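A.B. asks: Quick one: the structure is below, questions incoming.
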Amino acid sequence: MKTISAEKPSVAREIARIVGATKREEGYFEGDGYAVTWAFGHLVQLAMPDGYGVRGFVRDNLPIIPGTFTLVPRQVRTEKGYKPDSGVVSQIKTVKRLFDTSDQIIVATDAGREGELIFRYLYHYTGCTTPFVRLWISSLTDKAIREGLRNLEDGSKYDNLYLAAKARSESDWLVGINGTQALSIAAGHGTYSVGRVQTPTLAMVCERYWENRRFTPEAFWQLHIATDGCDGEVVKLSSSEKWKEKEPAMELYNKVKAVGSATVTKAERKEKTEDTPLLYDLTTLQKEANAKHGFTAEQTLEIAQKLYEKKLITYPRTGSRYIPEDVFAEIPKLLAFIGTLPEWKDKVRAKAAPTRRSVADGKVTDHHALLVTGEKPLFLSKEDSTIYQMIAGRMIEAFSEKCVKDVTAVTAECAGVEFTVKGSVIRQAGWRVVYGEENKEEIPIPGWQEGDTLTLKGSSITEGKTKPKPLHTEATLLSAMENPCKREQSQTCLDMPSAAGFGETQTAGKEIEDDALRQAMKDCGIGTPATRASIIETLFKRGYMERCKKSLVPTEKGLALNSVVKTMRIADVAMTGEWEKELARIERGELSVDTFRKKIEAYTREITSELLSCDKLFGSRDSGCACPKCGTGRMRFYGKVVRCDNTECGLPVFRLKAGRTLSDDEIKELLTDGHTKPLKGFKSKQGKSFDAVVAFDGEYNTTFVFPEAKKGKKFSGRKK
């Protein structure tokens, strides 16, 4: 008998149908010489510290560095600590029996790093010695499964993939367990969770938050002129210079208004070609789904996984935006299928040869870019259909013709002031036809020549203000996680008046160029396409950041944590990116696991010592106030937080409220009276200043109460 080990019951069901294992048993399917069983994700995991005899958070126990890691059944947290999940234990027994009585095991977990780890941990925990082979497929269509079963590969081919996954798992344990315990011990109260990837990610969110909040807008003035264009349309030109002072701008404006004409000093025309977008990998799909439709990264991944299990798309957890030659041979048939869908009627050019920008054998990693499979999408929810159609639409774009434009740039002089305008006319729409974008950026410019005189129809002066970089969204945070090594350009955003309408904007062509650059630099990213969504969700679950519409805003707890660790290696984005590069080298067989393990152990000892020394930052002093919640503890100042010293209570009150730090006296007033006097200097998440009273609600969360809402001694407000 052969046992096939899948990652989920739904996948096992599809494979079982193909191999004829139609009889349902407890924990597996059986038939025609096969048993098809499954995991529920990770059935086996690394033991927690108590598995090595280490209990509680004790300074002298740190760092905890097991000589050999112990594997245990997946555990659940109870009031008495962690205990094995009974359902998991039962399934492991079933899997072990099948493994031990089989002649061969076929590994059919997801074809990637985590899928390999799920099987190998289970294989080693059960003490199995049965030989195994690997089913490596990129979709769950019947055709793909059958071809995969005909081309099974020796399991040892994926040993390096397993070693990289194991190294990632153990390094996250070492850094997360020791870092969290060390910082929590230093704080004296509460649990402060840190991690190899989550803490640098939080640091990026906090850094952008402070950059945005501390930005001081500066006013600027710009001049504009208007003249006749093509077909009676008005063409508007803007001054090349922007003035920080109003007086010189007004003086020049008056001169321009008095002259009434401008002279063309330069007219440049050239052809510009915009390459097609590359196909989607998971991160790009998550970014665009967030930017265009407001989907979270986790939501997009969950939908993509669901579409994969319904056989509608290829393997979603891919980091490649390219396909190999053999897959390219299938593209004409897939495009013809997409053309039959009502959403894409008349968008696919019949008999046109697909372009090859997304085809490159050498740029395909474990899995190629996302594609639809040709299975008809039936009965999809609105959200599922949105992601499916994004992938289908991107396929049409990627294999369409290039977009070709005639671009014109004109410079004119009026009263000693230089004015410019840029325009374009599309000659070949190419891929831009897919979403009807072919006419959106068209700005026709007359055939002006150097020396021509332009009669002015009007002139104006506008005031704008510089803007800070916006807060991170999930889309921009995913970009930052994918490529932390690329330093962002230091520049502010200009609030350009809409009347101008001719400032240079970032074109799709520029974005496409960035796509190629991103591919070349993505090896230094933190996390992987498959894990970034879960890292972001972890920061939400642990109360370190929250969503404000599409923006990601660090909470007071997140800002307090980051203020303590931001200069330490635990928060170093670039260093975490280097670890990811090392894991990729293990996967390619270029670096030994022992070398990586020694580096991680040394790093763990260093950050543990560093975090334990934070007791100086967390050093406490008595506030002179009893705890308003439990009445028995004393409230003590700990730098960024005031906390009850009764361990059963531990009420925290964070000093930082909406960009303003409460003073000792204001904190004492809050603790004594339940509210402060009206305070000035708070800033909303939109950057607007406001005044408010800080008060406790019935559960001793702090809320804002606005002066006009104050009635007698009753306070009501929003939590903060």
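Letters A, B, ... go to the chains of the structure tokens in the order shown; residues in each chain start at 1; ligands are counted from 1 in the same order.
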Phe220 in chain A: which residues within 10 Å, counting only C-alpha atoms, same-chain residues fewer than 2 positions away excluded, as a ChimeraX atom specification?
C.D. replies: /A:217-218,222,241-246,249,462-466,494-496
A.B. asks: Could you please take those selected residues and save N, CA, C and O atoms as a PDB file, in the first residue's frame?
C.D. replies:
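Full text of selection-v3.pdb as output:
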```
ATOM      1  N   PRO A 217       4.104  71.238   7.746  1.00  0.00           N
ATOM      2  CA  PRO A 217       3.797  71.679   6.376  1.00  0.00           C
ATOM      3  C   PRO A 217       4.389  73.058   6.091  1.00  0.00           C
ATOM      4  O   PRO A 217       4.445  73.922   6.972  1.00  0.00           O
ATOM      5  N   GLU A 218       4.828  73.238   4.870  1.00  0.00           N
ATOM      6  CA  GLU A 218       5.346  74.529   4.436  1.00  0.00           C
ATOM      7  C   GLU A 218       4.551  74.990   3.221  1.00  0.00           C
ATOM      8  O   GLU A 218       4.282  74.208   2.311  1.00  0.00           O
ATOM      9  N   GLN A 222       2.678  78.890  -6.713  1.00  0.00           N
ATOM     10  CA  GLN A 222       3.031  78.514  -8.079  1.00  0.00           C
ATOM     11  C   GLN A 222       2.161  79.315  -9.044  1.00  0.00           C
ATOM     12  O   GLN A 222       0.995  79.604  -8.767  1.00  0.00           O
ATOM     13  N   GLU A 241       9.278  76.794 -11.247  1.00  0.00           N
ATOM     14  CA  GLU A 241       9.684  77.113  -9.876  1.00  0.00           C
ATOM     15  C   GLU A 241       8.464  77.256  -8.982  1.00  0.00           C
ATOM     16  O   GLU A 241       7.384  77.653  -9.424  1.00  0.00           O
ATOM     17  N   LYS A 242       8.663  76.923  -7.717  1.00  0.00           N
ATOM     18  CA  LYS A 242       7.645  77.156  -6.693  1.00  0.00           C
ATOM     19  C   LYS A 242       8.295  78.039  -5.637  1.00  0.00           C
ATOM     20  O   LYS A 242       9.427  77.792  -5.223  1.00  0.00           O
ATOM     21  N   TRP A 243       7.561  79.051  -5.165  1.00  0.00           N
ATOM     22  CA  TRP A 243       8.138  80.021  -4.247  1.00  0.00           C
ATOM     23  C   TRP A 243       7.641  79.794  -2.826  1.00  0.00           C
ATOM     24  O   TRP A 243       6.454  79.531  -2.599  1.00  0.00           O
ATOM     25  N   LYS A 244       8.557  79.877  -1.875  1.00  0.00           N
ATOM     26  CA  LYS A 244       8.199  79.692  -0.466  1.00  0.00           C
ATOM     27  C   LYS A 244       7.634  80.969   0.149  1.00  0.00           C
ATOM     28  O   LYS A 244       7.033  80.930   1.220  1.00  0.00           O
ATOM     29  N   GLU A 245       7.856  82.098  -0.515  1.00  0.00           N
ATOM     30  CA  GLU A 245       7.329  83.376  -0.031  1.00  0.00           C
ATOM     31  C   GLU A 245       6.286  83.896  -1.015  1.00  0.00           C
ATOM     32  O   GLU A 245       6.463  83.805  -2.240  1.00  0.00           O
ATOM     33  N   LYS A 246       5.222  84.462  -0.490  1.00  0.00           N
ATOM     34  CA  LYS A 246       4.134  84.915  -1.346  1.00  0.00           C
ATOM     35  C   LYS A 246       4.490  86.174  -2.124  1.00  0.00           C
ATOM     36  O   LYS A 246       4.106  86.324  -3.297  1.00  0.00           O
ATOM     37  N   ALA A 249       6.321  85.810  -5.455  1.00  0.00           N
ATOM     38  CA  ALA A 249       5.427  85.108  -6.377  1.00  0.00           C
ATOM     39  C   ALA A 249       4.360  86.063  -6.911  1.00  0.00           C
ATOM     40  O   ALA A 249       4.044  86.063  -8.113  1.00  0.00           O
ATOM     41  N   THR A 462      -1.584  79.990  -7.377  1.00  0.00           N
ATOM     42  CA  THR A 462      -2.204  79.086  -6.411  1.00  0.00           C
ATOM     43  C   THR A 462      -1.267  78.857  -5.234  1.00  0.00           C
ATOM     44  O   THR A 462      -0.048  78.914  -5.375  1.00  0.00           O
ATOM     45  N   GLU A 463      -1.873  78.635  -4.096  1.00  0.00           N
ATOM     46  CA  GLU A 463      -1.103  78.325  -2.887  1.00  0.00           C
ATOM     47  C   GLU A 463      -1.260  76.841  -2.580  1.00  0.00           C
ATOM     48  O   GLU A 463      -2.362  76.292  -2.622  1.00  0.00           O
ATOM     49  N   GLY A 464      -0.151  76.179  -2.315  1.00  0.00           N
ATOM     50  CA  GLY A 464      -0.184  74.783  -1.914  1.00  0.00           C
ATOM     51  C   GLY A 464       0.609  74.588  -0.636  1.00  0.00           C
ATOM     52  O   GLY A 464       1.233  75.534  -0.125  1.00  0.00           O
ATOM     53  N   LYS A 465       0.568  73.383  -0.099  1.00  0.00           N
ATOM     54  CA  LYS A 465       1.353  73.064   1.096  1.00  0.00           C
ATOM     55  C   LYS A 465       2.034  71.719   0.919  1.00  0.00           C
ATOM     56  O   LYS A 465       1.470  70.795   0.326  1.00  0.00           O
ATOM     57  N   THR A 466       3.256  71.641   1.397  1.00  0.00           N
ATOM     58  CA  THR A 466       3.962  70.365   1.334  1.00  0.00           C
ATOM     59  C   THR A 466       3.259  69.371   2.247  1.00  0.00           C
ATOM     60  O   THR A 466       2.655  69.740   3.254  1.00  0.00           O
ATOM     61  N   LEU A 494       3.972  67.333  -2.699  1.00  0.00           N
ATOM     62  CA  LEU A 494       3.431  68.658  -2.936  1.00  0.00           C
ATOM     63  C   LEU A 494       1.935  68.554  -3.207  1.00  0.00           C
ATOM     64  O   LEU A 494       1.492  67.733  -3.995  1.00  0.00           O
ATOM     65  N   ASP A 495       1.190  69.422  -2.522  1.00  0.00           N
ATOM     66  CA  ASP A 495      -0.251  69.455  -2.731  1.00  0.00           C
ATOM     67  C   ASP A 495      -0.512  70.306  -3.961  1.00  0.00           C
ATOM     68  O   ASP A 495      -0.729  71.500  -3.876  1.00  0.00           O
ATOM     69  N   MET A 496      -0.479  69.680  -5.149  1.00  0.00           N
ATOM     70  CA  MET A 496      -0.610  70.423  -6.396  1.00  0.00           C
ATOM     71  C   MET A 496      -2.062  70.814  -6.618  1.00  0.00           C
ATOM     72  O   MET A 496      -2.964  70.006  -6.465  1.00  0.00           O
TER      73      MET A 496
END
```
A.B. asks: One number please: CA of Ile105 in chain A to CA of Gly33 in chain A, in Å, one decimal.
C.D. replies: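 CA of Gly33 in chain A lies at a distance of 12.1 Å from CA of Ile105 in chain A.
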A.B. asks: Please indicate the distance in Å from CA of Gln104 in chain A to CA of Thr126 in chain A, rounded to one decimal place.
C.D. replies: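 We find that CA of Gln104 in chain A and CA of Thr126 in chain A lie 15.2 Å from each other.
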A.B. asks: Env of Thr373 in chain A: 6 Å cut, atoms = only C-alpha atoms, seq-sep filter 2 positions within chain, self excluded. Answer as a PyMOL selection string.
C.D. replies: chain A and resi 312-313+375
A.B. asks: Go ahead and write the residues just picked, N, CA, C and O atoms, as a tab-separated table (two decimals), in the first residue's frame.
C.D. replies:
```
chain	number	residue	atom	x	y	z
A	312	LEU	N	-9.28	26.65	-9.40
A	312	LEU	CA	-9.49	27.77	-10.31
A	312	LEU	C	-8.22	28.54	-10.63
A	312	LEU	O	-8.12	29.18	-11.68
A	313	ILE	N	-7.23	28.53	-9.71
A	313	ILE	CA	-5.97	29.23	-9.96
A	313	ILE	C	-4.81	28.33	-9.55
A	313	ILE	O	-5.00	27.32	-8.86
A	375	GLU	N	-10.48	26.14	-15.44
A	375	GLU	CA	-11.73	25.62	-14.86
A	375	GLU	C	-12.73	26.78	-14.75
A	375	GLU	O	-12.37	27.89	-14.34
```
A.B. asks: Given only C-alpha atoms as the basis, pick out the residue of A:Leu471, A:Asp275, A:Arg317, A:Lys311 nearest to Tyr209 in chain A.
C.D. replies: A:Leu471
A.B. asks: Can you list, as JSON, numbers by chain, every protein, DNA or RNA residue that comes within 7 Å of Ile137 in chain A when you count only C-alpha atoms, leaving out same-chain residues fewer than 5 positions away?
C.D. replies: {"A": [111, 144, 145, 148]}
A.B. asks: Find the spatial neighbours of range 39-43 of chain A, counting only C-alpha atoms, within a cut-off of 7 Å - ignore same-chain residues fewer than 3 positions away - and output them as a list of chain:residue names.
C.D. replies: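 Contacts, with the query itself left out: A:Ala6, A:Glu7, A:Lys8, A:Pro73, A:Arg74, A:Val88, A:Ile118, A:Leu122.
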A.B. asks: Could you jot down the CA of Lys657 in chain A to CA of Ala297 in chain A separation for me, Å, one decimal place?
C.D. replies: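 Distance reported for this atom pair: 28.2 Å.
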A.B. asks: As JSON, numbers by chain, list the residues of range 177-277 of chain A assigned to helix (DSSP H, G or I) by DSSP on the backbone atoms of this structure.
C.D. replies: {"A": [177, 178, 179, 180, 181, 182, 183, 184, 185, 186, 187, 198, 199, 200, 201, 202, 203, 204, 205, 206, 207, 208, 209, 210, 211, 212, 213, 230, 231, 232, 246, 247, 248, 249, 250, 251, 252, 253, 254, 255, 256, 257, 258, 259]}
A.B. asks: Would you list the contacts of Arg208 in chain A as a list of chain:residue names, taking every protein, DNA or RNA residue within 8 Å and counting only C-alpha atoms, but skipping same-chain residues closer than 6 positions in sequence?
C.D. replies: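 Counting only the stated atoms, we get A:Lys469, A:Pro470, A:Leu471, A:His472.
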A.B. asks: Find the residues near Ala304 in chain A: any atom within 12 Å, counting only C-alpha atoms, skip ones fewer than 2 places away on the same chain, and give them as an MDAnalysis selection string.
C.D. replies: chainID A and resid 139 280:283 285:286 289 295 297:302 306:318 370:372 383:391 530
A.B. asks: Pick out the closest residue to Lys685 in chain A from this set: A:Glu606, A:Asp665, A:Glu601, A:Glu546. Count only C-alpha atoms.
C.D. replies: A:Glu546
A.B. asks: Taking only C-alpha atoms into account, name the residue in A:Ala187, A:Lys683, A:Ile443, A:Glu537 that is nearest to Arg214 in chain A.
C.D. replies: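 Looking at the shortest contact to Arg214 in chain A, the residue is A:Lys683.
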